[in-house]
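Notes follow the structure.
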Number of protein chains: 6
Amino acid sequence: MDNQENLYLAKVAGLHLISNLTHACRFTNAVRVNGLPCKDVKDVKVDDFFLAANLDKPRDTTMSKVKSNVTLINVMKLAGLNTLGISMARIDYAPQGQNPPHTHPRATEILTVLEGSLYVGFITSNPDNKFFSKMLNKGDVFVFPQGLIHFQFNPSYDKPAVAIAALSSQNPGAITISNAVFGSKPPIADDVLAKAFQVDKKVVDWLQAQFWEDNHN
Amino acid sequence: MDNQENLYLAKVAGLHLISNLTHACRFTNAVRVNGLPCKDVKDVKVDDFFLAANLDKPRDTTMSKVKSNVTLINVMKLAGLNTLGISMARIDYAPQGQNPPHTHPRATEILTVLEGSLYVGFITSNPDNKFFSKMLNKGDVFVFPQGLIHFQFNPSYDKPAVAIAALSSQNPGAITISNAVFGSKPPIADDVLAKAFQVDKKVVDWLQAQFWEDNHN
Amino acid sequence: MDNQENLYLAKVAGLHLISNLTHACRFTNAVRVNGLPCKDVKDVKVDDFFLAANLDKPRDTTMSKVKSNVTLINVMKLAGLNTLGISMARIDYAPQGQNPPHTHPRATEILTVLEGSLYVGFITSNPDNKFFSKMLNKGDVFVFPQGLIHFQFNPSYDKPAVAIAALSSQNPGAITISNAVFGSKPPIADDVLAKAFQVDKKVVDWLQAQFWEDNHN
Amino acid sequence: MDNQENLYLAKVAGLHLISNLTHACRFTNAVRVNGLPCKDVKDVKVDDFFLAANLDKPRDTTMSKVKSNVTLINVMKLAGLNTLGISMARIDYAPQGQNPPHTHPRATEILTVLEGSLYVGFITSNPDNKFFSKMLNKGDVFVFPQGLIHFQFNPSYDKPAVAIAALSSQNPGAITISNAVFGSKPPIADDVLAKAFQVDKKVVDWLQAQFWEDNHN
Amino acid sequence: MDNQENLYLAKVAGLHLISNLTHACRFTNAVRVNGLPCKDVKDVKVDDFFLAANLDKPRDTTMSKVKSNVTLINVMKLAGLNTLGISMARIDYAPQGQNPPHTHPRATEILTVLEGSLYVGFITSNPDNKFFSKMLNKGDVFVFPQGLIHFQFNPSYDKPAVAIAALSSQNPGAITISNAVFGSKPPIADDVLAKAFQVDKKVVDWLQAQFWEDNHN
Amino acid sequence: MDNQENLYLAKVAGLHLISNLTHACRFTNAVRVNGLPCKDVKDVKVDDFFLAANLDKPRDTTMSKVKSNVTLINVMKLAGLNTLGISMARIDYAPQGQNPPHTHPRATEILTVLEGSLYVGFITSNPDNKFFSKMLNKGDVFVFPQGLIHFQFNPSYDKPAVAIAALSSQNPGAITISNAVFGSKPPIADDVLAKAFQVDKKVVDWLQAQFWEDNHN
């Protein structure tokens with residue numbers, strides 16, 4: 001099984017549970033927990049708990065249309081996180097860049113701003129759909145409760161912004177709303193979406209014809 | 001605290017956890033679990049575990065734009081469910097009606113079709129956003145994994161459809177995607193949404209001006 | 001390992017935990033979660049989440065002495081339920097038929113009546129052993145808390161009854177009290193049971209000589 | 001709320017969850033967790049974690065028909081156990097005494113024999129209902145998996161037996177099968193039980209007329 | 001109940017469980033979850049999820065003997081974290097400063113270095129007590145599994161170091177080994193510690209006479 | 001993989017989670033849960049749930065410097081405990097013997113004294129580090145909350161003591177503080193420990209030169 005498959009495995013698999021596990025899973029190759037590769041215990045080494053992640057280095061934000069870049073250190077990148085229930089990310093935002101509305105099905109997110117400012121928000125569930133938003137400056141901390149749609153936006157026209165976030169799962173998952181709804185493979189029937197979003201089918205067709213990519217490194 | 005507040009409490013509160021509890025919470029009025037009212041143990045009666053829910057009766061599907069009606073029996077309607085980790089719903093669909101794309105942040109859903117047919121689907125998380133869909137006939141069973149965006153649509157032009165669904169939480173929550181994104185109170189800044197959905201701000205403005213309601217009874 | 005063994009595996013295994021997992025387990029054949037077979041991720045298809053269960057069709061209730069028939073859609077029948085924490089059942093009751101006193105060691109049950117009427121009840125644990133009972137009509141909803149002994153009985157002398165139930169586990173398990181106590185293989189020593197039930201050993205011997213079967217399809 | 005109510009509260013309440021909590025709950029009187037009284041933090045003292053339980057002393061086994069006596073140290077007796085997920089019991093068995101078939105809805109039990117010998121067993125769930133039994137001598141250890149019907153019996157005609165057991169819940173609960181089925185208050189309809197147990201209604205009536213008590217101290 | 005008490009409450013209370021909750025607890029003042037104050041739902045505001053924590057600002061490291069300073073943003077400082085299962089910390093280390101050997105009873109820690117370098121390590125449990133250590137540079141990421149003794153040390157003689165850490169609990173707890181063992185109130189009997197640490201009682205007495213404080217802001 | 005490795009596996013692995021599982025894991029050899037060997041279901045037998053542990057027999061307490069001996073019956077010794085969330089131990093203390101300060105990262109402990117007397121205690125976490133202690137006599141029960149540093153000491157100069165303890169995990173883990181801090185392999189840098197414990201490096205060097213072993217059978 002190659003890495004790509006492995007990545008897929010971890011995403012599809014229900015990893016909510018193992019977030020609650022303590023200590024590192026370092027099994028033999030013959031055994032996998034949640035589809036993730038495990039090593040023979042004799043080969044466990046400190047580097048299983050370490051990643052030269054370069055989280056201090058700016059990322060390229062020009063390659064995604066939303067002008068941001070999420071560098072997530074989850075269990076696929078740092079094997080020792082398996083069963084440990086946490087992950088960490090650096091997020092770079094170009095001026096006017098955003099991390100667009102998305103949910104983490106398996107994690108709450110806590111975030112602090114390292115550079116610049118961020119306008120952030122989340123929306124509560126039905127029937128209220130209340131929108132809570134805040135302007136964050138350097139050193140501020142904000143919380144996005146698990147499963148709620150949320151976003152971050154860099155309001156500056158000339159300065160980048162950087163945040164460090166942590167998520168309460170080794171594999172929090174991310175569903176970018178626009179990509180899942182309009183960029184699914186294959187596309188959702190346009191008449192279903194047209195009625196759901198109260199727009200003409202042509203609008204849906206146009207949206208579905210766009211190039212949808214997520215902003216993860 | 002009136003019922004309306006109570007409803008809100010239960011929605012806001014993290015009820016994921018108590019879904020895992022066994023047995024009924026029937027405490028004194030002085031004690032609440034997760035903000036839900038509890039009764040004095042001397043007053044616990046069989047009706048705390050019972051609801052004359054009329055789940056056999058068709059619901060009005062003409063009052064929501066998406067022409068469907070979800071009758072959810074959760075802990076707010078059936079107090080004895082508190083801490084029991086399950087709920088049940090009847091869903092009515094008019095011809096061409098749909099239960100539009102939404103997520104349940106705290107539950108998986110299993111559904112069977114009682115009347116008519118349903119075209120159903122869900123989309124996996126980033127980066128694949130695979131769309132899995134199926135046409136369901138009477139008596140068929142389908143599963144929507146927790147946290148994933150999913151929908152049901154009645155493809156018939158003349159016959160209603162009815163489903164019974166069960167959810168793995170006493171208060172599964174529901175986030176109707178279109179309502180949360182375009183109908184939040186207050187609205188999300190239109191330039192943020194315009195970039196996220198790759199549309200002109202005017203499209204966002206038009207969408208935010210629509211009347212968004214969810215299709216729950 | 002054949003299917004029969006597999007079925008056994010899933011029953012013996014502690015599946016309480018994985019009821020809490022989110023998303024579907026769709027691993028390679030080399031990996032199993034809780035002993036259940038998992039498929040290569042490349043072969044995951046929508047039908048893993050679908051079952052043509054015919055839950056709309058009446059079941060034969062003449063083959064069990066208690067004149068009922070439980071059609072349970074659990075993870076052994078619908079593989080995509082693995083790790084998803086929920087299952088669904090149709091229960092058919094002949095006139096005067098019953099689903100006899102039993103427990104689900106790993107699930108709460110919520111039930112609605114589709115056809116006819118049901119007299120239902122559960123008993124609380126020591127020392128009170130309170131019996132809560134209720135007559136249910138079509139469309140009513142009732143809850144049986146996890147682990148408590150409960151039953152349903154169709155009081156009609158001429159009409160069948162039908163219920164749809166959901167359980168808060170992908171493999172809730174069922175222990176029919178009479179079968180486990182008097183129909184175990186091998187039998188429990190009769191002098192132990194005689195004293196436990198305050199009856200003569202001959203009564204126990206007679207009971208153990210009966211043919212005990214459970215009422216599952 | 002008096003102690004008796006309190007006892008009832010804790011029994012009815014779903015305490016499965018809090019078995020997973022760490023550390024002691026020692027809140028103010030205004031706050032209760034799961035209905036159990038909590039003290040002001042200033043009053044927390046070492047005795048909250050201590051009980052002079054006299055587990056070394058033989059108990060009277062002549063007062064219950066089954067000639068055994070269970071002394072359970074759960075959260076109702078040792079308040080500091082609240083949220084700590086474990087309890088302990090001493091069980092005394094007169095010659096030919098038994099701890100009759102019962103389940104613990106919220107706990108697995110591990111047991112060691114301090115004095116004498118015990119014949120023990122448990123029955124697996126449907127459809128197999130396999131009976132696993134073993135003769136235990138002093139110092140032996142045995143495990144009864146959560147939710148399964150099990151019993152212990154002292155086969156000696158002249159010597160008592162004593163066991164120390166531990167259970168994986170601060171309030172494991174106990175359902176003595178015979179008591180719950182034939183001694184519930186009010187009684188279950190005799191025609192339901194007659195059919196469930198394949199006996200004449202008169203046998204059920206006779207059984208329901210017996211005096212049912214559980215063997216807990 | 002004043003703030004100080006409240007802080008104590010949260011520390012004593014078993015908060016492991018609520019780490020698994022989703023969404024924010026924003027109840028009425030009459031209700032508390034795990035002893036933490038909750039607000040009336042009408043008063044919930046975005047600032048409940050926000051803290052102007054100044055995590056970008058250097059902290060004073062001269063006031064603790066170990067020359068480090070932990071600024072932990074947990075649920076006592078950021079009320080909206082209640083039930084959300086995550087917290088974040090900035091740690092400042094003077095040259096040759098350390099965050100001395102300690103455990104988090106309720107959380108795994110993931111850490112990235114913002115400034116300078118850190119020599120870090122953890123020790124596995126009995127019987128191996130393996131010591132895994134690593135030198136971390138800016139941008140590196142390291143994981144400390146839940147419950148294991150670990151430390152960070154700034155090896156530089158002239159430059160400070162800064163780290164951002166996240167922990168998988170809203171109230172992870174910290175037990176500084178030296179403080180708990182030699183600085184408890186009242187002190188542990190010196191003959192017990194002398195034998196445990198294989199030293200003379202006088203050494204223990206001398207150690208217990210030191211001034212022990214932890215390095216939290 | 002031999003037994004020794006297996007033991008290591010189980011210790012390293014995060015077994016907190018599976019403590020919550022119900023029922024026994026008895027899978028085919030091709031499948032392991034948490035690295036523990038599982039048997040083909042056809043070979044499951046009552047002895048999987050049984051151990052002739054001789055917990056009634058005194059253990060040798062002369063072989064450890066702390067003059068105590070812990071005989072732990074965990075999942076490595078009693079395979080049927082896998083997924084069952086509990087374990088049991090007999091602890092022998094010579095006169096003046098102690099079970100030195102240690103933590104169980106994955107379990108609360110409940111203990112009763114079978115023979116002699118024990119002086120026991122635990123210390124709360126930062127910043128209070130309160131020491132709660134108690135003298136226990138035969139038959140007394142005491143609770144050590146999960147993750148806190150605790151010990152037992154036999155104050156008698158001439159009589160041994162014996163305790164039976166139960167722990168809320170099938171593999172609770174143990175970290176003997178002195179061994180982990182001063183006896184790790186390889187040793188922790190002495191200047192780090194010197195500063196952490198406010199002692200001269202020579203004291204640390206001397207301590208690290210001692211022979212550290214844990215007191216488990």
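Going through the structure tokens in order, the chains are called A, B, and so on, while each chain numbers its residues from 1 and the ligands are numbered from 1 in the order shown.
In chain C, the set of residues within 6 Å of chain D (atoms considered: only C-alpha atoms) is Pro100, Pro105, Ser125, Asn126, Asn129, Lys130, Phe131, Gly147, Ala174, Ile175, Ser178, Ala180, Ser184, Lys185, Pro186, Ala196 and Phe197 of chain C.
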List the neighbours of B:Val113 out to 7 Å using only C-alpha atoms; skip same-chain residues closer than 6 positions along the sequence, and give me the result as a PDB file with N, CA, C and O atoms, in the first residue's frame.
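Result file part-v1.pdb:
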ATOM      1  N   ASN B 137     -35.240   2.428  -2.889  1.00  0.00           N
ATOM      2  CA  ASN B 137     -36.656   2.078  -2.982  1.00  0.00           C
ATOM      3  C   ASN B 137     -37.195   1.686  -1.607  1.00  0.00           C
ATOM      4  O   ASN B 137     -36.434   1.542  -0.657  1.00  0.00           O
ATOM      5  N   LYS B 138     -38.493   1.527  -1.545  1.00  0.00           N
ATOM      6  CA  LYS B 138     -39.147   1.148  -0.285  1.00  0.00           C
ATOM      7  C   LYS B 138     -38.449  -0.032   0.380  1.00  0.00           C
ATOM      8  O   LYS B 138     -38.179  -1.046  -0.280  1.00  0.00           O
ATOM      9  N   GLY B 139     -38.129   0.098   1.651  1.00  0.00           N
ATOM     10  CA  GLY B 139     -37.544  -1.012   2.391  1.00  0.00           C
ATOM     11  C   GLY B 139     -36.025  -1.036   2.364  1.00  0.00           C
ATOM     12  O   GLY B 139     -35.402  -1.781   3.118  1.00  0.00           O
ATOM     13  N   ASP B 140     -35.425  -0.219   1.493  1.00  0.00           N
ATOM     14  CA  ASP B 140     -33.952  -0.152   1.447  1.00  0.00           C
ATOM     15  C   ASP B 140     -33.416   0.609   2.666  1.00  0.00           C
ATOM     16  O   ASP B 140     -34.118   1.434   3.257  1.00  0.00           O
ATOM     17  N   VAL B 162     -41.504   8.986   2.047  1.00  0.00           N
ATOM     18  CA  VAL B 162     -41.404   9.050   3.503  1.00  0.00           C
ATOM     19  C   VAL B 162     -40.251   8.157   3.949  1.00  0.00           C
ATOM     20  O   VAL B 162     -40.078   7.054   3.431  1.00  0.00           O
ATOM     21  N   ALA B 163     -39.472   8.646   4.898  1.00  0.00           N
ATOM     22  CA  ALA B 163     -38.377   7.843   5.451  1.00  0.00           C
ATOM     23  C   ALA B 163     -38.429   7.889   6.969  1.00  0.00           C
ATOM     24  O   ALA B 163     -38.917   8.858   7.556  1.00  0.00           O
ATOM     25  N   ILE B 164     -37.946   6.797   7.590  1.00  0.00           N
ATOM     26  CA  ILE B 164     -37.678   6.801   9.027  1.00  0.00           C
ATOM     27  C   ILE B 164     -36.160   6.758   9.165  1.00  0.00           C
ATOM     28  O   ILE B 164     -35.498   5.911   8.562  1.00  0.00           O
TER      29      ILE B 164
END
Problem - Between atom CA of B:Tyr93 and atom CA of B:Ser68, distance in Å (one decimal) - result: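 Interatomic distance here is 4.4 Å.
The spacing separating atom CA of B:Asn54 from atom CA of C:Ala166 amounts to 17.2 Å.
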